[in-house]
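Worksheet for the structure shown next.
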Amino acid sequence: MEKPVRGTTRLIERVPESKLWKKNLLEGTVTLPAMKDLHTHPVGYSIVRKCGGVDVSGCSTTSQLKEALGGNKGSGLIVGLELNWRKFPGITRKDLDEVSKEDIVIFIDSSFHGGVVNSKTAAILSERAKGKMVKGWIDGEGKWREGYNDLCLELIGEKMDRGVAVEGLLEWLRDARAWGVDELHELCIGGVPGIEILLEAKGKWGEGFPITKAYTTMYVLAELADRPELLERMEAEMPMGLKLFMDGAFTPGTAALMEPYCGTANSGYLATDLEDLGSIVPMLAGKTGRMVEDIAMHAIGDRGIRQAIVMAGALHALTGRKSRLEHCTLSGEEDILAGMERLNKRGILTVVANPNFIDDAVVFAKELGDRVKRILPTRSMVERGLVSGIGTDGGPAAIWRALYDAVNHPRVAERLSLEQIVKLASGVERIEDAKHTVTISGPLVETIFFGGEFDNSGTVEMLGIMA
């Protein structure tokens, strides 16, 4: 890392006093407690980013997509990344069959909540999903949603170089540490290969491995039932939770809404309902379910969040396990907040996990219209004691963007103070209580403390983490 350009004394003098940070006028820096990112995907992202995939974000026609992928024909695995699903709604398995019928071909939407595969891959995914409660769907055109992400990551993880994937994860975690994140929760393991990559990386890292908990899906729990040795290793080395999808995401139009998306008849879909308790409860009582400490419920749309509230209450009553409500994006209705408060009395809290929602607000407004005013009532949730921590759903540096967005919420009434959000993200009341600290200077001080323009390229300056 190059020697950073220090902040000026005048800039640091303007930083308010707080028990949560320390100013160093001589150095021109501010030291804060290290952060905890309770909703992120380092294993899944490492698999995808290190598999030799092709970035197709610059393609504007189907023929350009096929040409971009064609160079990998015969490799056994062809992965297209950053597919803008809205730009290519008509792409199907037949188009990917024209790229290759013999290779596994997988397109992953930029939201990671969908994509499309060729006929060979569709047949493999459908066969693997049988009887294993994979939520979402894969249709006759090869288009997949939600829970099939696990199966796609599994296929990629099986085909790629394992050492490259492990090093990719270690690289991701080293970056996170450098950006001041000392604890992570993994929310998307990506099948059995993902678990193996996670455990191998943990062994190479040694003491103080940043991932302190991993959440996986019903599909992966079912797979672990056939891998007793791996199950025992995971149980011994990594606390685990279960991830349940209540709905999808706004970008592919799968987040479940009470009313349709603007200009459409589509209102998303519910991925999990009360009937699924008949499969979930026995699984949690079985040999793989014994290692599930709690349940993370993905819920983004207002209908999905209401479903999560019902399911969290039911699962607590039936199994004694508590849930975390993840995302809870369109939650600004009084009955939703009241429902969360009822769950809160049972120790069921919310992890706010939405990256860059200021930037996304323009997209949200197009999709939701006036309902955008009900997105992420952050301050209301915090003041009611409903939020247990911060998750970014993003990369190693995303925690700073999460802080920035919370302080600069598009709705002034829902903005948090910097002290509120640092306390939530770090889990400490004062900097002396922090196990690790992180020191920032220059542009990042100006951005975080004084609302300067956020440099989304990741070049904002850091001095790194220290004991």
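For the structure tokens, the naming scheme is as follows: chains receive sequential letters (A, B, ...) according to their order of presentation, residues are indexed from 1 within each chain, and ligands are indexed from 1 in presentation order.
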Need the shell around stretch 24-32 of chain A: protein/DNA/RNA residues with any atom at most 8 Å away, counting only C-alpha atoms. Skip same-chain ones fewer than 4 positions apart. Format as a ChimeraX atom specification?
/A:6-9,11-13,20,431,437-442,445
Could I get the residues of stretch 1-58 of chain A with an atom no further than 7 Å from an atom of stretch 148-170 of chain A, each paired with its nearest atom pair and that distance in Å to one decimal, using only C-alpha atoms, sorted by chain and residue number, as CSV?
residue,atom,partner,partner_atom,distance
A:Pro42,CA,A:Leu169,CA,6.3
A:Val43,CA,A:Leu169,CA,6.1
A:Gly44,CA,A:Leu153,CA,6.9
A:Ser46,CA,A:Gly168,CA,5.2
A:Ile47,CA,A:Ala165,CA,5.6
A:Lys50,CA,A:Ala165,CA,6.0
A:Cys51,CA,A:Met160,CA,5.7
Within 12 Å of A:Glu67 using only C-alpha atoms, minus same-chain residues under 3 positions, as a count of residues only
18
Set out as a Markdown table a contact list for stretch 152-243 of chain A and stretch 396-402 of chain A with a cut-off of 8 Å, giving each residue of stretch 152-243 of chain A that qualifies its closest atom pair and distance in Å to one decimal, counting only C-alpha atoms, ordered by chain and rising residue number.
| residue | atom | partner | partner_atom | distance |
| --- | --- | --- | --- | --- |
| A:Trp172 | CA | A:Pro396 | CA | 6.5 |
| A:Leu173 | CA | A:Pro396 | CA | 7.2 |
| A:Asp175 | CA | A:Pro396 | CA | 5.8 |
| A:Ala176 | CA | A:Pro396 | CA | 4.1 |
| A:Arg177 | CA | A:Pro396 | CA | 7.9 |
| A:Trp179 | CA | A:Ala397 | CA | 5.6 |
| A:Val181 | CA | A:Ile399 | CA | 7.7 |
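For the pair atom CA of A:Ser110 and atom CA of A:Thr251, the separation is 8.9 Å.
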Residues of stretch 149-322 of chain A in alpha helix (DSSP H) according to DSSP, as a PyMOL selection string?
chain A and resi 149-159+162-178+191-205+218-224+228-237+277-285+302-319
Nearby residues (only C-alpha atoms) at most 10 Å from A:Phe364, same-chain spacing under 4 positions excluded, as a list in words
Phe250, Thr251, Tyr261, Phe357, Ile358, Asp359, Asp360, Leu368, Gly369, Asp370, Arg371, Val372, Lys373 and Ile375 of chain A
Would you output that residue set with N, CA and C atoms, as a JSON list (two decimals), in the first residue's frame?
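File again-v8.json, as written:
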[["chain", "number", "residue", "atom", "x", "y", "z"],
["A", 250, "PHE", "N", -35.49, -6.91, -5.99],
["A", 250, "PHE", "CA", -36.19, -5.93, -6.83],
["A", 250, "PHE", "C", -35.70, -5.99, -8.28],
["A", 251, "THR", "N", -34.39, -6.12, -8.49],
["A", 251, "THR", "CA", -33.84, -6.01, -9.85],
["A", 251, "THR", "C", -34.45, -7.03, -10.81],
["A", 261, "TYR", "N", -45.40, -4.41, -9.31],
["A", 261, "TYR", "CA", -44.39, -3.45, -9.72],
["A", 261, "TYR", "C", -45.02, -2.46, -10.70],
["A", 357, "PHE", "N", -27.93, 1.87, -1.11],
["A", 357, "PHE", "CA", -29.34, 2.10, -1.38],
["A", 357, "PHE", "C", -29.62, 3.53, -1.80],
["A", 358, "ILE", "N", -28.67, 4.44, -1.57],
["A", 358, "ILE", "CA", -28.85, 5.80, -2.10],
["A", 358, "ILE", "C", -28.81, 5.75, -3.63],
["A", 359, "ASP", "N", -27.78, 5.06, -4.17],
["A", 359, "ASP", "CA", -27.68, 4.92, -5.62],
["A", 359, "ASP", "C", -28.88, 4.15, -6.17],
["A", 360, "ASP", "N", -29.31, 3.12, -5.43],
["A", 360, "ASP", "CA", -30.40, 2.26, -5.89],
["A", 360, "ASP", "C", -31.76, 2.94, -5.79],
["A", 368, "LEU", "N", -41.10, 0.92, -7.89],
["A", 368, "LEU", "CA", -42.08, 0.95, -6.80],
["A", 368, "LEU", "C", -42.93, 2.21, -6.76],
["A", 369, "GLY", "N", -42.54, 3.26, -7.47],
["A", 369, "GLY", "CA", -43.31, 4.50, -7.43],
["A", 369, "GLY", "C", -43.30, 5.12, -6.04],
["A", 370, "ASP", "N", -44.46, 5.53, -5.56],
["A", 370, "ASP", "CA", -44.55, 6.22, -4.28],
["A", 370, "ASP", "C", -44.14, 5.34, -3.11],
["A", 371, "ARG", "N", -44.16, 4.03, -3.31],
["A", 371, "ARG", "CA", -43.77, 3.11, -2.22],
["A", 371, "ARG", "C", -42.31, 3.26, -1.84],
["A", 372, "VAL", "N", -41.50, 3.93, -2.68],
["A", 372, "VAL", "CA", -40.10, 4.11, -2.37],
["A", 372, "VAL", "C", -39.93, 4.88, -1.06],
["A", 373, "LYS", "N", -40.95, 5.63, -0.67],
["A", 373, "LYS", "CA", -40.88, 6.39, 0.60],
["A", 373, "LYS", "C", -40.89, 5.46, 1.81],
["A", 375, "ILE", "N", -39.08, 2.64, 1.95],
["A", 375, "ILE", "CA", -37.88, 1.81, 1.94],
["A", 375, "ILE", "C", -37.00, 2.13, 3.15]]
Tell me, as number ranges by chain, which residues lie within 10 Å of A:Leu270, counting only C-alpha atoms; anything in the same chain fewer than 2 positions away does not count.
A: 135-136, 245-248, 254-257, 267-268, 272-273, 299, 301, 303-305, 307-308
Next, the residues of the selection above should be written as an mmCIF file, in the first residue's frame with C-alpha atoms.
data_model
loop_
_atom_site.group_PDB
_atom_site.id
_atom_site.type_symbol
_atom_site.label_atom_id
_atom_site.label_comp_id
_atom_site.auth_asym_id
_atom_site.auth_seq_id
_atom_site.Cartn_x
_atom_site.Cartn_y
_atom_site.Cartn_z
ATOM 1 C CA LYS A 135 -36.620 -22.615 -3.484
ATOM 2 C CA GLY A 136 -37.127 -20.631 -6.669
ATOM 3 C CA PHE A 245 -35.594 -17.125 1.186
ATOM 4 C CA MET A 246 -38.984 -15.519 1.714
ATOM 5 C CA ASP A 247 -38.787 -13.807 -1.680
ATOM 6 C CA GLY A 248 -36.334 -12.566 -4.290
ATOM 7 C CA THR A 254 -38.939 -11.359 -7.721
ATOM 8 C CA ALA A 255 -39.189 -9.515 -4.376
ATOM 9 C CA ALA A 256 -42.748 -10.212 -3.129
ATOM 10 C CA LEU A 257 -44.959 -7.108 -3.081
ATOM 11 C CA SER A 267 -45.911 -8.660 -7.836
ATOM 12 C CA GLY A 268 -42.989 -11.054 -7.317
ATOM 13 C CA THR A 272 -41.303 -20.070 1.342
ATOM 14 C CA ASP A 273 -44.692 -20.497 3.003
ATOM 15 C CA ALA A 299 -37.053 -10.732 2.958
ATOM 16 C CA GLY A 301 -40.594 -6.831 -0.485
ATOM 17 C CA ARG A 303 -45.236 -9.113 1.294
ATOM 18 C CA GLY A 304 -42.000 -11.044 1.790
ATOM 19 C CA ILE A 305 -41.287 -9.252 5.077
ATOM 20 C CA GLN A 307 -44.229 -13.625 5.496
ATOM 21 C CA ALA A 308 -40.878 -13.611 7.321
#
Residues of stretch 375-419 of chain A in strand (DSSP E) according to DSSP, as an MDAnalysis selection string?
chainID A and resid 387:391
So that I can check the surroundings of A:Lys423, please list as a PDB file with N, CA and C atoms, in the first residue's frame every protein, DNA and RNA residue that reaches within 12 Å of it, counting only C-alpha atoms and ignoring chain neighbours fewer than 6 positions away.
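Writing done, so here's selection-v9.pdb:
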ATOM      1  N   SER A  18     -16.038  12.082  20.392  1.00  0.00           N
ATOM      2  CA  SER A  18     -16.913  10.942  20.632  1.00  0.00           C
ATOM      3  C   SER A  18     -16.159   9.857  21.382  1.00  0.00           C
ATOM      4  N   LYS A  19     -16.894   9.068  22.139  1.00  0.00           N
ATOM      5  CA  LYS A  19     -16.300   7.912  22.799  1.00  0.00           C
ATOM      6  C   LYS A  19     -15.971   6.811  21.789  1.00  0.00           C
ATOM      7  N   LEU A  20     -16.487   6.946  20.565  1.00  0.00           N
ATOM      8  CA  LEU A  20     -16.335   5.885  19.580  1.00  0.00           C
ATOM      9  C   LEU A  20     -15.170   6.097  18.617  1.00  0.00           C
ATOM     10  N   TRP A  21     -14.504   7.216  18.662  1.00  0.00           N
ATOM     11  CA  TRP A  21     -13.345   7.406  17.799  1.00  0.00           C
ATOM     12  C   TRP A  21     -12.353   8.352  18.451  1.00  0.00           C
ATOM     13  N   LEU A  32     -11.144   4.475  14.488  1.00  0.00           N
ATOM     14  CA  LEU A  32     -12.453   3.973  14.884  1.00  0.00           C
ATOM     15  C   LEU A  32     -12.352   2.495  15.238  1.00  0.00           C
ATOM     16  N   PRO A  33     -13.370   1.954  15.937  1.00  0.00           N
ATOM     17  CA  PRO A  33     -13.384   0.508  16.160  1.00  0.00           C
ATOM     18  C   PRO A  33     -13.569  -0.238  14.845  1.00  0.00           C
ATOM     19  N   ALA A  34     -12.985  -1.416  14.748  1.00  0.00           N
ATOM     20  CA  ALA A  34     -13.210  -2.253  13.567  1.00  0.00           C
ATOM     21  C   ALA A  34     -14.682  -2.653  13.494  1.00  0.00           C
ATOM     22  N   MET A  35     -15.138  -2.965  12.285  1.00  0.00           N
ATOM     23  CA  MET A  35     -16.560  -3.196  12.025  1.00  0.00           C
ATOM     24  C   MET A  35     -16.872  -4.681  11.864  1.00  0.00           C
ATOM     25  N   LYS A  36     -18.150  -5.000  11.989  1.00  0.00           N
ATOM     26  CA  LYS A  36     -18.647  -6.361  11.782  1.00  0.00           C
ATOM     27  C   LYS A  36     -19.666  -6.323  10.639  1.00  0.00           C
ATOM     28  N   VAL A 382     -34.057   1.422  14.321  1.00  0.00           N
ATOM     29  CA  VAL A 382     -33.017   1.480  15.351  1.00  0.00           C
ATOM     30  C   VAL A 382     -33.592   1.996  16.666  1.00  0.00           C
ATOM     31  N   VAL A 387     -32.831  -3.485  15.409  1.00  0.00           N
ATOM     32  CA  VAL A 387     -31.678  -3.790  14.562  1.00  0.00           C
ATOM     33  C   VAL A 387     -30.543  -4.344  15.400  1.00  0.00           C
ATOM     34  N   SER A 388     -30.076  -5.545  15.027  1.00  0.00           N
ATOM     35  CA  SER A 388     -29.006  -6.189  15.787  1.00  0.00           C
ATOM     36  C   SER A 388     -27.637  -5.936  15.194  1.00  0.00           C
ATOM     37  N   GLY A 389     -27.562  -5.474  13.966  1.00  0.00           N
ATOM     38  CA  GLY A 389     -26.264  -5.228  13.356  1.00  0.00           C
ATOM     39  C   GLY A 389     -26.403  -4.797  11.912  1.00  0.00           C
ATOM     40  N   ILE A 390     -25.271  -4.581  11.265  1.00  0.00           N
ATOM     41  CA  ILE A 390     -25.229  -4.100   9.897  1.00  0.00           C
ATOM     42  C   ILE A 390     -24.630  -5.171   8.992  1.00  0.00           C
ATOM     43  N   LEU A 403     -22.136   2.779   6.148  1.00  0.00           N
ATOM     44  CA  LEU A 403     -22.136   3.888   7.101  1.00  0.00           C
ATOM     45  C   LEU A 403     -22.582   5.178   6.424  1.00  0.00           C
ATOM     46  N   LEU A 416     -29.469   8.215  10.418  1.00  0.00           N
ATOM     47  CA  LEU A 416     -28.832   7.939  11.694  1.00  0.00           C
ATOM     48  C   LEU A 416     -27.677   8.910  11.910  1.00  0.00           C
ATOM     49  N   SER A 417     -27.327   9.125  13.163  1.00  0.00           N
ATOM     50  CA  SER A 417     -26.095   9.853  13.439  1.00  0.00           C
ATOM     51  C   SER A 417     -24.929   8.913  13.184  1.00  0.00           C
ATOM     52  N   GLU A 429     -19.504   0.236  22.660  1.00  0.00           N
ATOM     53  CA  GLU A 429     -19.976   1.537  23.128  1.00  0.00           C
ATOM     54  C   GLU A 429     -18.888   2.597  23.060  1.00  0.00           C
ATOM     55  N   ARG A 430     -17.626   2.177  23.117  1.00  0.00           N
ATOM     56  CA  ARG A 430     -16.501   3.116  23.086  1.00  0.00           C
ATOM     57  C   ARG A 430     -15.300   2.427  22.457  1.00  0.00           C
ATOM     58  N   ILE A 431     -14.402   3.188  21.926  1.00  0.00           N
ATOM     59  CA  ILE A 431     -13.305   2.630  21.157  1.00  0.00           C
ATOM     60  C   ILE A 431     -12.385   1.774  22.024  1.00  0.00           C
ATOM     61  N   ASP A 433     -13.184  -0.417  24.008  1.00  0.00           N
ATOM     62  CA  ASP A 433     -13.737  -1.768  24.102  1.00  0.00           C
ATOM     63  C   ASP A 433     -13.508  -2.597  22.838  1.00  0.00           C
ATOM     64  N   ALA A 434     -12.974  -1.975  21.780  1.00  0.00           N
ATOM     65  CA  ALA A 434     -12.821  -2.664  20.493  1.00  0.00           C
ATOM     66  C   ALA A 434     -11.620  -3.600  20.509  1.00  0.00           C
TER      67      ALA A 434
END
